[in-house]
Amino acid sequence: MTTTNSEQETIDFAKQFALSTQTPTIILLEGELGAGKTCFVRGLCEGLGGDPRQVSSPTFAIIQEYTIEKGKRLIHIDAYRLSGEEELESIGWEELLQDNDAIIAIEWASRIKNATPTTAITIDIAHLDISSRELTISH
């Protein structure tokens, strides 16, 4: 468990987390609206050698892809608008799971929990106050 006291500290934590993240990996991000899930992905992207300015919440697009170092990809999925696992077919879920050059970060992952591998890493982000967050990582 880690506590961050600003958006920048959350980004910095995600950048450090990225250093130990190898492809393929699936990261399940949980937390209420405004907890910092997209902020975490921004730091993750930067830590993986990508451009954090390209990261935005994929709520309406559902999926976005960012190029990271060494020709690898960070796949950013927002499952909030998905009604369940059956909708994953429309984004090529099975192909994404087979991609050895991808790190997949999924916001609101509990909405598709039955479709995520048991090897996924879960990061719960909780509001402590207006600027502080508690991040809990579990495997």
# chains A, B, ... in the order shown; residues from 1 in each chain; ligands from 1
call {"tool": "closest_atom_pairs", "arguments": {"of": "segment 32-77 of chain A", "to": "segment 9-17 of chain A", "cutoff": "10 Å", "atoms": "only C-alpha atoms", "output": "CSV"}}
result
residue,atom,partner,partner_atom,distance
A:Gly36,CA,A:Thr10,CA,7.7
A:Lys37,CA,A:Thr10,CA,9.5
A:Thr38,CA,A:Ile11,CA,9.7
A:Cys39,CA,A:Ile11,CA,6.2
A:Phe40,CA,A:Ala14,CA,5.5
A:Val41,CA,A:Ala14,CA,7.3
A:Arg42,CA,A:Ile11,CA,6.7
A:Gly43,CA,A:Ile11,CA,4.2
A:Leu44,CA,A:Ala14,CA,4.9
A:Cys45,CA,A:Lys15,CA,7.6
A:Glu46,CA,A:Lys15,CA,6.3
A:Gly47,CA,A:Lys15,CA,4.0
A:Leu48,CA,A:Lys15,CA,7.4
A:Gly49,CA,A:Lys15,CA,9.5
A:Pro52,CA,A:Ile11,CA,9.7
call {"tool": "select_by_dssp", "arguments": {"residues": "chain A", "states": "strand (DSSP E)", "output": "ChimeraX atom specification"}}
result
/A:2-4,25-30,63-67,73-78,102-107,121-127,133-138
call {"tool": "residues_around", "arguments": {"residues": "Thr118 of chain A", "least_positions_apart": "3", "cutoff": "12 Å", "atoms": "only C-alpha atoms", "output": "VMD selection string"}}
result
chain A and resid 25 to 28 113 to 115 121 to 122 138 to 139
call {"tool": "write_last_selection", "arguments": {"atoms": "N, CA and C atoms", "output": "PDB file, in the first residue's frame"}}
result
ATOM      1  N   THR A  25       1.441  -7.912 -19.786  1.00  0.00           N
ATOM      2  CA  THR A  25       0.894  -7.707 -18.444  1.00  0.00           C
ATOM      3  C   THR A  25      -0.486  -7.083 -18.571  1.00  0.00           C
ATOM      4  N   ILE A  26      -1.372  -7.466 -17.663  1.00  0.00           N
ATOM      5  CA  ILE A  26      -2.689  -6.845 -17.589  1.00  0.00           C
ATOM      6  C   ILE A  26      -2.816  -6.211 -16.209  1.00  0.00           C
ATOM      7  N   ILE A  27      -3.194  -4.925 -16.204  1.00  0.00           N
ATOM      8  CA  ILE A  27      -3.342  -4.161 -14.972  1.00  0.00           C
ATOM      9  C   ILE A  27      -4.803  -3.748 -14.859  1.00  0.00           C
ATOM     10  N   LEU A  28      -5.433  -4.154 -13.766  1.00  0.00           N
ATOM     11  CA  LEU A  28      -6.832  -3.843 -13.506  1.00  0.00           C
ATOM     12  C   LEU A  28      -6.886  -2.667 -12.545  1.00  0.00           C
ATOM     13  N   LYS A 113     -14.715  -8.433 -14.931  1.00  0.00           N
ATOM     14  CA  LYS A 113     -13.849  -9.274 -14.089  1.00  0.00           C
ATOM     15  C   LYS A 113     -13.781 -10.731 -14.537  1.00  0.00           C
ATOM     16  N   ASN A 114     -14.891 -11.315 -14.944  1.00  0.00           N
ATOM     17  CA  ASN A 114     -14.900 -12.724 -15.341  1.00  0.00           C
ATOM     18  C   ASN A 114     -14.095 -12.996 -16.605  1.00  0.00           C
ATOM     19  N   ALA A 115     -13.773 -11.952 -17.355  1.00  0.00           N
ATOM     20  CA  ALA A 115     -13.008 -12.137 -18.591  1.00  0.00           C
ATOM     21  C   ALA A 115     -11.521 -11.840 -18.415  1.00  0.00           C
ATOM     22  N   ILE A 121      -2.697  -7.958 -12.498  1.00  0.00           N
ATOM     23  CA  ILE A 121      -2.340  -7.170 -11.322  1.00  0.00           C
ATOM     24  C   ILE A 121      -3.475  -6.185 -11.081  1.00  0.00           C
ATOM     25  N   THR A 122      -3.961  -6.124  -9.851  1.00  0.00           N
ATOM     26  CA  THR A 122      -5.025  -5.187  -9.517  1.00  0.00           C
ATOM     27  C   THR A 122      -4.446  -4.025  -8.720  1.00  0.00           C
ATOM     28  N   SER A 138      -2.334  -5.671  -5.746  1.00  0.00           N
ATOM     29  CA  SER A 138      -2.465  -7.099  -5.427  1.00  0.00           C
ATOM     30  C   SER A 138      -2.332  -7.915  -6.699  1.00  0.00           C
ATOM     31  N   HIS A 139      -1.868  -9.143  -6.545  1.00  0.00           N
ATOM     32  CA  HIS A 139      -1.665 -10.037  -7.688  1.00  0.00           C
ATOM     33  C   HIS A 139      -2.667 -11.152  -7.637  1.00  0.00           C
TER      34      HIS A 139
END
call {"tool": "select_by_dssp", "arguments": {"residues": "chain A", "states": "alpha helix (DSSP H)", "output": "PyMOL selection string"}}
result
chain A and resi 7-19+37-47+93-98
call {"tool": "write_last_selection", "arguments": {"atoms": "N, CA and C atoms", "output": "tab-separated table (two decimals), in the first residue's frame"}}
result
chain	number	residue	atom	x	y	z
A	7	GLU	N	-1.39	14.74	-7.52
A	7	GLU	CA	-1.46	14.08	-8.83
A	7	GLU	C	-0.06	13.71	-9.31
A	8	GLN	N	0.90	14.62	-9.10
A	8	GLN	CA	2.27	14.35	-9.54
A	8	GLN	C	2.87	13.16	-8.80
A	9	GLU	N	2.58	13.01	-7.52
A	9	GLU	CA	3.09	11.85	-6.78
A	9	GLU	C	2.48	10.55	-7.31
A	10	THR	N	1.21	10.59	-7.72
A	10	THR	CA	0.58	9.40	-8.31
A	10	THR	C	1.24	9.06	-9.63
A	11	ILE	N	1.52	10.07	-10.43
A	11	ILE	CA	2.23	9.87	-11.70
A	11	ILE	C	3.61	9.29	-11.45
A	12	ASP	N	4.33	9.85	-10.48
A	12	ASP	CA	5.68	9.37	-10.17
A	12	ASP	C	5.64	7.92	-9.68
A	13	PHE	N	4.64	7.58	-8.86
A	13	PHE	CA	4.51	6.19	-8.40
A	13	PHE	C	4.29	5.26	-9.59
A	14	ALA	N	3.42	5.66	-10.51
A	14	ALA	CA	3.14	4.83	-11.69
A	14	ALA	C	4.38	4.69	-12.57
A	15	LYS	N	5.18	5.75	-12.67
A	15	LYS	CA	6.42	5.66	-13.45
A	15	LYS	C	7.36	4.63	-12.83
A	16	GLN	N	7.46	4.61	-11.51
A	16	GLN	CA	8.29	3.61	-10.83
A	16	GLN	C	7.73	2.21	-11.01
A	17	PHE	N	6.42	2.08	-10.92
A	17	PHE	CA	5.76	0.80	-11.13
A	17	PHE	C	6.06	0.28	-12.54
A	18	ALA	N	6.10	1.17	-13.51
A	18	ALA	CA	6.37	0.80	-14.90
A	18	ALA	C	7.73	0.14	-15.06
A	19	LEU	N	8.69	0.52	-14.26
A	19	LEU	CA	10.04	-0.04	-14.37
A	19	LEU	C	10.07	-1.54	-14.14
A	37	LYS	N	-7.37	6.97	-11.82
A	37	LYS	CA	-7.05	5.83	-12.69
A	37	LYS	C	-6.35	6.30	-13.97
A	38	THR	N	-6.89	7.32	-14.62
A	38	THR	CA	-6.27	7.83	-15.85
A	38	THR	C	-4.93	8.49	-15.53
A	39	CYS	N	-4.85	9.16	-14.40
A	39	CYS	CA	-3.59	9.76	-13.95
A	39	CYS	C	-2.53	8.68	-13.81
A	40	PHE	N	-2.90	7.55	-13.22
A	40	PHE	CA	-1.97	6.43	-13.08
A	40	PHE	C	-1.51	5.95	-14.46
A	41	VAL	N	-2.42	5.82	-15.41
A	41	VAL	CA	-2.05	5.35	-16.76
A	41	VAL	C	-1.12	6.36	-17.43
A	42	ARG	N	-1.32	7.64	-17.17
A	42	ARG	CA	-0.43	8.67	-17.73
A	42	ARG	C	0.99	8.44	-17.22
A	43	GLY	N	1.15	8.19	-15.93
A	43	GLY	CA	2.47	7.92	-15.37
A	43	GLY	C	3.04	6.60	-15.87
A	44	LEU	N	2.18	5.60	-16.00
A	44	LEU	CA	2.60	4.30	-16.53
A	44	LEU	C	3.14	4.47	-17.94
A	45	CYS	N	2.43	5.21	-18.77
A	45	CYS	CA	2.86	5.44	-20.15
A	45	CYS	C	4.22	6.11	-20.18
A	46	GLU	N	4.39	7.14	-19.38
A	46	GLU	CA	5.68	7.84	-19.33
A	46	GLU	C	6.79	6.91	-18.86
A	47	GLY	N	6.51	6.13	-17.82
A	47	GLY	CA	7.51	5.21	-17.30
A	47	GLY	C	7.89	4.12	-18.28
A	93	TRP	N	-10.79	-8.49	-27.86
A	93	TRP	CA	-10.25	-8.90	-26.58
A	93	TRP	C	-9.36	-10.13	-26.66
A	94	GLU	N	-9.82	-11.16	-27.34
A	94	GLU	CA	-9.03	-12.40	-27.42
A	94	GLU	C	-7.68	-12.15	-28.08
A	95	GLU	N	-7.65	-11.32	-29.11
A	95	GLU	CA	-6.39	-10.99	-29.78
A	95	GLU	C	-5.48	-10.19	-28.85
A	96	LEU	N	-6.07	-9.27	-28.08
A	96	LEU	CA	-5.27	-8.48	-27.14
A	96	LEU	C	-4.62	-9.38	-26.10
A	97	LEU	N	-5.35	-10.37	-25.62
A	97	LEU	CA	-4.81	-11.29	-24.62
A	97	LEU	C	-3.64	-12.12	-25.17
A	98	GLN	N	-3.59	-12.30	-26.48
A	98	GLN	CA	-2.53	-13.08	-27.11
A	98	GLN	C	-1.31	-12.24	-27.48
call {"tool": "residues_around", "arguments": {"residues": "segment 59-61 of chain A", "least_positions_apart": "5", "cutoff": "12 Å", "atoms": "only C-alpha atoms", "output": "list in words"}}
result
Leu33, Lys37, Thr38, His76, Ile77, Asp78, Ala79, Tyr80, Arg81, Leu82, Ser90, Ile91, Ile106, Glu107 and Trp108 of chain A
call {"tool": "write_last_selection", "arguments": {"atoms": "C-alpha atoms", "output": "compact mmCIF listing (two decimals), in the first residue's frame"}}
result
# COMPACT_ATOMS: atom_id res chain seq x y z
CA LEU A 33 -14.82 8.43 -10.31
CA LYS A 37 -7.05 5.83 -12.69
CA THR A 38 -6.27 7.83 -15.85
CA HIS A 76 -5.78 1.56 -22.35
CA ILE A 77 -9.33 0.30 -21.92
CA ASP A 78 -12.21 1.92 -20.06
CA ALA A 79 -14.79 -0.75 -19.26
CA TYR A 80 -17.24 1.70 -17.67
CA ARG A 81 -19.54 1.82 -20.70
CA LEU A 82 -19.37 -1.91 -21.38
CA SER A 90 -16.05 -5.84 -30.32
CA ILE A 91 -12.61 -4.56 -29.26
CA ILE A 106 -8.16 -1.46 -17.76
CA GLU A 107 -10.14 1.19 -15.89
CA TRP A 108 -13.36 0.01 -14.17
call {"tool": "atom_distance", "arguments": {"atom1": "atom CA of His127 of chain A", "atom2": "atom CA of Ser57 of chain A"}}
result
18.3 Å
call {"tool": "atom_distance", "arguments": {"atom1": "atom CA of Ile123 of chain A", "atom2": "atom CA of Gly31 of chain A"}}
result
8.5 Å
call {"tool": "residues_around", "arguments": {"residues": "Ile125 of chain A", "least_positions_apart": "4", "cutoff": "10 Å", "atoms": "only C-alpha atoms", "output": "list of chain:residue names"}}
result
A:Met1, A:Thr2, A:Thr3, A:Thr10, A:Leu29, A:Glu30, A:Gly31, A:Glu32, A:Gly34, A:Ala35, A:Gly36, A:Lys37, A:Phe40, A:Arg133, A:Glu134, A:Leu135, A:Thr136, A:Ile137
call {"tool": "write_last_selection", "arguments": {"atoms": "N, CA and C atoms", "output": "PDB file, in the first residue's frame"}}
result
ATOM      1  N   MET A   1       0.834  -1.163   0.000  1.00  0.00           N
ATOM      2  CA  MET A   1       0.000   0.000   0.000  1.00  0.00           C
ATOM      3  C   MET A   1       0.890   1.242   0.000  1.00  0.00           C
ATOM      4  N   THR A   2       0.494   2.210  -0.830  1.00  0.00           N
ATOM      5  CA  THR A   2       1.240   3.452  -0.953  1.00  0.00           C
ATOM      6  C   THR A   2       0.272   4.622  -0.889  1.00  0.00           C
ATOM      7  N   THR A   3       0.677   5.690  -0.235  1.00  0.00           N
ATOM      8  CA  THR A   3      -0.127   6.905  -0.203  1.00  0.00           C
ATOM      9  C   THR A   3       0.577   7.972  -1.020  1.00  0.00           C
ATOM     10  N   THR A  10       1.213  10.588  -7.715  1.00  0.00           N
ATOM     11  CA  THR A  10       0.579   9.404  -8.306  1.00  0.00           C
ATOM     12  C   THR A  10       1.245   9.062  -9.630  1.00  0.00           C
ATOM     13  N   LEU A  29      -7.446  -1.558 -12.998  1.00  0.00           N
ATOM     14  CA  LEU A  29      -7.500  -0.346 -12.189  1.00  0.00           C
ATOM     15  C   LEU A  29      -8.899  -0.145 -11.627  1.00  0.00           C
ATOM     16  N   GLU A  30      -8.966  -0.052 -10.315  1.00  0.00           N
ATOM     17  CA  GLU A  30     -10.237   0.143  -9.628  1.00  0.00           C
ATOM     18  C   GLU A  30     -10.187   1.409  -8.795  1.00  0.00           C
ATOM     19  N   GLY A  31     -11.310   2.060  -8.682  1.00  0.00           N
ATOM     20  CA  GLY A  31     -11.423   3.269  -7.873  1.00  0.00           C
ATOM     21  C   GLY A  31     -12.622   4.059  -8.350  1.00  0.00           C
ATOM     22  N   GLU A  32     -13.166   4.852  -7.464  1.00  0.00           N
ATOM     23  CA  GLU A  32     -14.350   5.619  -7.834  1.00  0.00           C
ATOM     24  C   GLU A  32     -13.993   6.715  -8.834  1.00  0.00           C
ATOM     25  N   GLY A  34     -12.876   9.863 -10.472  1.00  0.00           N
ATOM     26  CA  GLY A  34     -11.941  10.883 -10.016  1.00  0.00           C
ATOM     27  C   GLY A  34     -10.854  10.394  -9.080  1.00  0.00           C
ATOM     28  N   ALA A  35     -10.751   9.080  -8.906  1.00  0.00           N
ATOM     29  CA  ALA A  35      -9.749   8.535  -7.982  1.00  0.00           C
ATOM     30  C   ALA A  35      -8.324   8.691  -8.502  1.00  0.00           C
ATOM     31  N   GLY A  36      -8.155   8.699  -9.818  1.00  0.00           N
ATOM     32  CA  GLY A  36      -6.816   8.841 -10.382  1.00  0.00           C
ATOM     33  C   GLY A  36      -6.406   7.703 -11.291  1.00  0.00           C
ATOM     34  N   LYS A  37      -7.374   6.966 -11.816  1.00  0.00           N
ATOM     35  CA  LYS A  37      -7.053   5.826 -12.694  1.00  0.00           C
ATOM     36  C   LYS A  37      -6.351   6.295 -13.966  1.00  0.00           C
ATOM     37  N   PHE A  40      -2.903   7.546 -13.220  1.00  0.00           N
ATOM     38  CA  PHE A  40      -1.973   6.429 -13.079  1.00  0.00           C
ATOM     39  C   PHE A  40      -1.508   5.948 -14.460  1.00  0.00           C
ATOM     40  N   ARG A 133      -4.259   9.987  -2.203  1.00  0.00           N
ATOM     41  CA  ARG A 133      -4.792   8.719  -2.663  1.00  0.00           C
ATOM     42  C   ARG A 133      -4.031   7.581  -2.002  1.00  0.00           C
ATOM     43  N   GLU A 134      -4.733   6.473  -1.796  1.00  0.00           N
ATOM     44  CA  GLU A 134      -4.105   5.262  -1.284  1.00  0.00           C
ATOM     45  C   GLU A 134      -4.157   4.245  -2.399  1.00  0.00           C
ATOM     46  N   LEU A 135      -2.993   3.737  -2.809  1.00  0.00           N
ATOM     47  CA  LEU A 135      -2.898   2.754  -3.887  1.00  0.00           C
ATOM     48  C   LEU A 135      -2.509   1.411  -3.291  1.00  0.00           C
ATOM     49  N   THR A 136      -3.323   0.410  -3.576  1.00  0.00           N
ATOM     50  CA  THR A 136      -3.081  -0.937  -3.089  1.00  0.00           C
ATOM     51  C   THR A 136      -2.911  -1.851  -4.279  1.00  0.00           C
ATOM     52  N   ILE A 137      -1.784  -2.543  -4.333  1.00  0.00           N
ATOM     53  CA  ILE A 137      -1.473  -3.439  -5.441  1.00  0.00           C
ATOM     54  C   ILE A 137      -1.625  -4.877  -4.966  1.00  0.00           C
TER      55      ILE A 137
END
call {"tool": "atom_distance", "arguments": {"atom1": "atom CA of Val55 of chain A", "atom2": "atom CA of Ile104 of chain A"}}
result
13.4 Å
